[in-house]
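Novice: One file: run-v2.cif (mmCIF, C-alpha atoms).
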```cif
data_final
#
loop_
_atom_site.label_atom_id
_atom_site.label_comp_id
_atom_site.auth_asym_id
_atom_site.auth_seq_id
_atom_site.Cartn_x
_atom_site.Cartn_y
_atom_site.Cartn_z
CA MET A 1 106.87 88.11 111.43
CA CYS A 2 107.59 91.19 109.34
CA ARG A 3 109.84 90.99 106.31
CA GLY A 4 112.95 93.01 105.68
CA ARG A 5 112.19 95.96 103.42
CA THR A 6 113.96 96.74 100.20
CA ALA A 7 114.75 100.05 98.56
CA GLY A 8 112.08 100.43 95.91
CA GLY A 9 111.78 96.65 95.63
CA ARG A 10 115.25 96.39 94.08
CA GLY A 11 118.27 94.52 95.41
CA GLY A 12 118.57 92.77 98.76
CA PRO A 13 117.06 93.83 102.08
CA VAL A 14 118.16 97.28 103.22
CA TYR A 15 116.99 96.96 106.78
CA GLN A 16 114.65 94.99 109.00
CA PRO A 17 111.64 96.42 110.85
CA HIS A 18 112.18 97.54 114.43
CA ALA A 19 110.10 94.65 115.75
CA ILE A 20 112.77 92.26 114.45
CA VAL A 21 115.69 94.49 115.44
CA ILE A 22 114.71 94.60 119.11
CA GLY A 23 113.02 91.19 119.26
CA ASP A 24 109.45 90.06 119.89
CA ASN A 25 109.73 90.13 123.69
CA LEU A 26 110.95 93.72 123.95
CA TRP A 27 108.56 94.81 121.20
CA THR A 28 105.67 93.46 123.27
CA HIS A 29 106.96 95.29 126.36
CA LEU A 30 107.32 98.52 124.38
CA LYS A 31 103.74 98.32 123.10
CA ALA A 32 102.52 97.85 126.68
CA LEU A 33 103.71 101.39 127.52
CA ALA A 34 100.71 102.99 125.78
CA PRO A 35 97.17 102.11 124.67
CA GLN A 36 96.35 101.32 121.07
CA ARG A 37 94.84 104.07 118.95
CA ILE A 38 93.38 104.12 115.45
CA ARG A 39 94.22 106.76 112.89
CA PRO A 40 92.39 107.01 109.53
CA ALA A 41 94.01 107.09 106.12
CA ARG A 42 95.54 110.46 105.15
CA SER A 43 95.91 111.63 108.75
CA VAL A 44 99.21 113.23 109.76
CA LEU A 45 100.93 111.14 112.42
CA LEU A 46 104.09 113.27 112.76
CA ARG A 47 104.75 116.71 111.33
CA GLN A 48 108.06 118.05 110.03
CA GLY A 49 109.46 120.74 112.33
CA ASP A 50 107.42 119.74 115.40
CA PRO A 51 109.22 119.04 118.69
CA ALA A 52 110.05 115.39 119.41
CA THR A 53 107.67 114.75 122.28
CA HIS A 54 106.88 111.11 121.54
CA VAL A 55 107.57 108.01 119.46
CA ILE A 56 104.92 106.10 117.50
CA VAL A 57 104.72 102.32 117.41
CA LEU A 58 103.09 101.24 114.14
CA GLU A 59 101.18 98.03 114.82
CA SER A 60 99.27 97.80 111.55
CA GLY A 61 98.81 99.80 108.40
CA SER A 62 101.36 101.68 106.30
CA THR A 63 102.69 105.23 106.28
CA LEU A 64 104.37 107.68 103.92
CA ILE A 65 107.53 109.45 105.06
CA THR A 66 107.63 112.80 103.24
CA LEU A 67 109.91 115.82 103.16
CA ALA A 68 108.59 119.33 102.48
CA GLY A 69 110.73 121.74 100.46
CA ASP A 70 111.02 125.51 100.79
CA CYS A 71 108.16 126.09 98.35
CA GLY A 72 105.83 123.53 99.98
CA GLU A 73 106.56 120.69 97.56
CA ARG A 74 106.62 117.21 99.07
CA THR A 75 109.00 114.38 98.29
CA LEU A 76 108.41 110.75 99.17
CA LEU A 77 111.38 109.45 101.15
CA ALA A 78 110.09 106.03 102.17
CA VAL A 79 107.10 103.90 103.08
CA ARG A 80 106.89 102.23 106.47
CA GLY A 81 104.77 99.24 107.43
CA ALA A 82 103.76 97.40 110.58
CA GLY A 83 106.47 96.65 113.10
CA GLU A 84 108.16 100.03 112.77
CA LEU A 85 108.95 102.87 115.15
CA LEU A 86 108.24 106.35 113.80
CA GLY A 87 109.99 109.47 115.04
CA GLU A 88 112.47 107.72 117.29
CA LEU A 89 115.58 109.39 115.89
CA ALA A 90 114.31 112.90 116.71
CA VAL A 91 113.63 111.74 120.27
CA LEU A 92 117.07 110.13 120.58
CA ASP A 93 118.89 113.32 119.56
CA SER A 94 116.34 115.82 121.01
CA GLN A 95 115.85 117.61 117.69
CA PRO A 96 112.70 118.70 115.80
CA ARG A 97 111.05 116.27 113.39
CA THR A 98 112.90 116.14 110.06
CA ALA A 99 109.99 114.69 108.04
CA THR A 100 106.22 114.34 108.01
CA VAL A 101 104.57 110.93 108.44
CA ILE A 102 101.16 110.39 106.82
CA ALA A 103 98.90 107.36 107.19
CA ALA A 104 98.57 105.67 103.79
CA GLU A 105 95.72 103.54 105.13
CA THR A 106 93.97 103.04 108.47
CA CYS A 107 96.71 102.54 111.06
CA ARG A 108 96.77 101.12 114.55
CA ILE A 109 99.40 102.91 116.59
CA ARG A 110 100.69 103.44 120.11
CA ILE A 111 102.06 106.81 121.20
CA ILE A 112 105.01 106.45 123.59
CA PRO A 113 106.07 109.63 125.46
CA ALA A 114 109.69 110.60 124.83
CA ALA A 115 110.74 110.17 128.47
CA ALA A 116 109.25 106.67 128.69
CA PHE A 117 110.89 105.66 125.39
CA LEU A 118 114.32 106.95 126.42
CA THR A 119 114.08 105.07 129.71
CA PHE A 120 113.12 101.91 127.83
CA VAL A 121 116.08 102.31 125.44
CA GLU A 122 118.52 102.81 128.33
CA GLU A 123 117.18 99.92 130.41
CA HIS A 124 117.50 97.48 127.51
CA ASP A 125 120.71 98.84 125.96
CA LEU A 126 119.01 99.58 122.62
CA LEU A 127 120.80 102.76 121.57
CA ALA A 128 123.41 101.07 119.35
CA PRO A 129 121.00 98.81 117.42
CA LEU A 130 118.54 101.68 116.94
CA LEU A 131 121.27 103.93 115.53
CA ARG A 132 122.44 101.18 113.15
CA HIS A 133 118.85 100.82 112.01
CA ALA A 134 118.59 104.58 111.47
CA ILE A 135 121.73 104.54 109.31
CA ALA A 136 120.18 101.83 107.12
CA ARG A 137 117.09 103.99 106.70
CA VAL A 138 119.23 106.95 105.63
CA ARG A 139 120.79 104.75 102.96
CA GLU A 140 117.33 103.78 101.75
CA SER A 141 116.28 107.44 101.54
CA GLU A 142 119.41 108.23 99.53
CA ALA A 143 118.52 105.45 97.09
CA VAL A 144 115.02 106.88 96.73
CA ARG A 145 116.39 110.38 96.05
CA LEU A 146 118.74 109.02 93.41
CA GLU A 147 115.82 107.26 91.78
CA LEU A 148 113.77 110.46 91.76
CA ALA A 149 116.62 112.28 90.08
CA THR A 150 117.35 109.74 87.36
CA ALA A 151 114.42 107.40 86.66
CA SER A 152 111.57 107.93 84.22
CA VAL A 153 108.17 109.02 85.55
CA PRO A 154 106.54 105.58 84.99
CA LEU A 155 109.42 103.92 86.86
CA ARG A 156 109.23 106.43 89.73
CA LEU A 157 105.48 105.98 89.99
CA ALA A 158 105.68 102.17 89.81
CA SER A 159 108.37 102.20 92.50
CA ALA A 160 106.27 104.38 94.82
CA LEU A 161 103.24 102.13 94.34
CA SER A 162 105.44 99.07 94.92
CA ARG A 163 106.59 100.44 98.27
CA LEU A 164 102.99 101.01 99.29
CA VAL A 165 102.00 97.48 98.28
CA GLU A 166 104.98 95.97 100.12
CA ALA A 167 104.26 97.87 103.32
CA ALA A 168 100.47 97.47 103.26
CA SER A 169 98.71 95.54 105.99
CA THR A 170 96.43 93.76 103.53
CA SER A 171 97.50 90.50 101.90
CA THR A 172 94.97 90.78 99.05
CA SER A 173 95.99 91.50 95.48
CA ASN A 174 94.01 94.77 95.43
CA LEU A 175 95.37 97.74 97.39
CA ALA A 176 93.61 101.09 97.67
CA VAL A 177 96.13 103.96 97.60
CA ARG A 178 94.36 106.96 99.15
CA LEU A 179 96.35 109.58 97.27
CA THR A 180 95.15 111.87 94.50
CA GLN A 181 97.03 112.10 91.21
CA THR A 182 98.27 115.53 92.29
CA GLU A 183 99.61 114.11 95.55
CA LEU A 184 101.27 111.23 93.71
CA SER A 185 102.93 113.70 91.35
CA GLN A 186 104.27 115.67 94.32
CA MET A 187 105.55 112.50 95.95
CA ILE A 188 107.64 111.47 92.94
CA GLY A 189 108.69 114.93 91.77
CA ALA A 190 106.72 114.94 88.50
CA SER A 191 103.93 116.98 86.93
CA ARG A 192 100.32 115.85 87.32
CA ASN A 193 100.04 115.45 83.54
CA ALA A 194 103.06 113.13 83.55
CA VAL A 195 101.44 110.97 86.23
CA VAL A 196 98.14 110.90 84.28
CA ASN A 197 100.03 109.77 81.17
CA ALA A 198 101.91 107.08 83.10
CA LEU A 199 98.68 105.75 84.57
CA LYS A 200 96.80 105.67 81.25
CA PRO A 201 98.15 102.36 79.86
CA TRP A 202 97.87 100.78 83.31
CA ARG A 203 94.21 101.78 83.51
CA GLU A 204 93.61 100.42 80.00
CA GLN A 205 95.04 97.05 81.09
CA ASP A 206 92.99 97.20 84.33
CA TRP A 207 96.14 97.04 86.46
CA VAL A 208 94.86 100.10 88.33
CA ARG A 209 91.37 101.50 88.83
CA THR A 210 89.84 104.47 90.55
CA ALA A 211 89.05 103.33 94.08
CA SER A 212 85.69 103.93 95.70
CA GLY A 213 86.22 106.75 98.16
CA GLY A 214 89.04 108.25 96.10
CA GLY A 215 92.57 107.37 95.11
CA LEU A 216 93.75 104.35 93.16
CA LEU A 217 93.09 100.64 93.44
CA VAL A 218 96.30 98.78 92.54
CA ARG A 219 95.31 95.42 91.07
CA ASP A 220 98.50 94.06 89.44
CA ILE A 221 101.70 95.65 90.74
CA HIS A 222 103.93 93.10 88.96
CA SER A 223 102.56 94.03 85.53
CA ILE A 224 102.92 97.71 86.42
CA GLN A 225 106.57 97.19 87.36
CA SER A 226 107.31 95.25 84.18
CA HIS A 227 105.67 97.86 81.96
CA ALA A 228 107.45 100.73 83.74
CA ARG A 229 110.82 99.09 83.13
CA THR A 230 110.11 99.01 79.41
CA GLN A 231 109.46 102.77 79.49
CA ALA A 232 112.75 103.57 81.28
#
```
Any chance you could give the structure as structure tokens?

Specialist:
Amino acid sequence: MCRGRTAGGRGGPVYQPHAIVIGDNLWTHLKALAPQRIRPARSVLLRQGDPATHVIVLESGSTLITLAGDCGERTLLAVRGAGELLGELAVLDSQPRTATVIAAETCRIRIIPAAAFLTFVEEHDLLAPLLRHAIARVRESEAVRLELATASVPLRLASALSRLVEAASTSTSNLAVRLTQTELSQMIGASRNAVVNALKPWREQDWVRTASGGGLLVRDIHSIQSHARTQA
């Protein structure tokens, strides 16, 4: 069973995954509404501004929830792991997508058409619990934005990597983060040089490496977190 997520790994659980909110039985019924599909790392699952034509069930893998600014800059709002619904709020209120969702690793998903999802929600009286869940996610995003505005670059970077590790489908100690240093800098609102400097002591200690195929291999997230706190 999925764990409750925390905001940046700090404090108590902010919310539980949808699979727990609606229960295993209904989650199984929801998945049965569409076939399973596989999406590779770095693929865009939902795009900001697009119409809300469907909901995604995330069965495995992890995703980045990002917000694009007026000048094209991206901000990391959250990381979502298995057992989550993606894009359900836009479907519930019939509004365009408010964020972009990117696969952080290979993901197994199911794409539920909006009409089928709305019927499912009505039949099982799920509107209230889904809205409560959405409110908890807004609180998490607010905590992330506060962190981006006040924390040091090493702490912001460690927090982003921590979210990826927490949401990842793998249980091994090594996690490949398929993001370039430029993309990581965009995600945490820092310059690329600042991210390079933050990574340097972590590379020297072998807590991170360059992953085969690109991106970073996170080898010791706990040491990264501890070091980042000393730089705050």

Novice: Using all atoms listed in the file, pick whichever of A:Gly87, A:Pro35, A:Gly214, A:Pro154 has the shortest atom-to-atom distance to Glu59 of chain A.

Specialist: A:Pro35

Novice: Quote the spacing between atom CA of Thr119 of chain A and atom CA of Ala136 of chain A in Å to one decimal place.

Specialist: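 Interatomic distance, atom CA of Thr119 of chain A to atom CA of Ala136 of chain A: 23.6 Å.
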
Novice: Please compute the atom CA of Ser152 of chain A-atom CA of Thr230 of chain A distance, one decimal, in Å.

Specialist: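 Spanning atom CA of Ser152 of chain A to atom CA of Thr230 of chain A is a straight-line distance of 10.2 Å.
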
Novice: For the file shown, report as a VMD selection string the outcome of the PyMOL selection byres ((chain A and resi 228) around 10) at residue level.

Specialist: chain A and resid 152 to 159 198 202 222 to 227 229 to 232

Novice: Pick from A:Arg39, A:Lys200, A:Arg163, A:His29: nearest to Ile65 of chain A, with all atoms listed in the file counted?

Specialist: A:Arg163

Novice: Taking only C-alpha atoms into account, name the residue in A:Val57, A:Ile109, A:Leu45, A:Ala168 that is nearest to Leu85 of chain A.

Specialist: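 Answer, going by the shortest atom-to-atom distance: A:Val57.
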
Novice: Pick from A:Leu89, A:Leu58, A:Ala190, A:Val218: nearest to Arg203 of chain A, with only C-alpha atoms counted?

Specialist: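 Ranked by minimum distance to Arg203 of chain A, first place goes to A:Val218.
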
Novice: Could you tell me which of A:Asn174, A:Thr182, A:Ser43, A:Gln16 comes closest to Ser62 of chain A if we count all atoms listed in the file?

Specialist: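 Answer, going by the shortest atom-to-atom distance: A:Ser43.
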
Novice: Measure the distance from atom CA of Ala90 of chain A to atom CA of Ile135 of chain A in Å and round it to one decimal.

Specialist: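 Between these atoms lies a distance of 13.4 Å.
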
Novice: Given the file shown, enumerate the residues that the PyMOL selection byres ((chain A and resi 141) around 10) captures and present them as number ranges by chain.

Specialist: A: 7-8, 65, 76-79, 135-140, 142-147

Novice: For this structure, which residues satisfy the selection - the PyMOL selection byres ((chain A and resi 73) around 12) - when it is evaluated on the file as given? I want them as a VMD selection string.

Specialist: chain A and resid 66 to 72 74 to 76 182 to 191

Novice: Residues proximal to (103.9, 124.5, 112.8) were defined as those with any atom within 12 Å of that point in the file's coordinates, counting only C-alpha atoms. Which are they, as a PyMOL selection string?

Specialist: chain A and resi 46-51+96-97+100
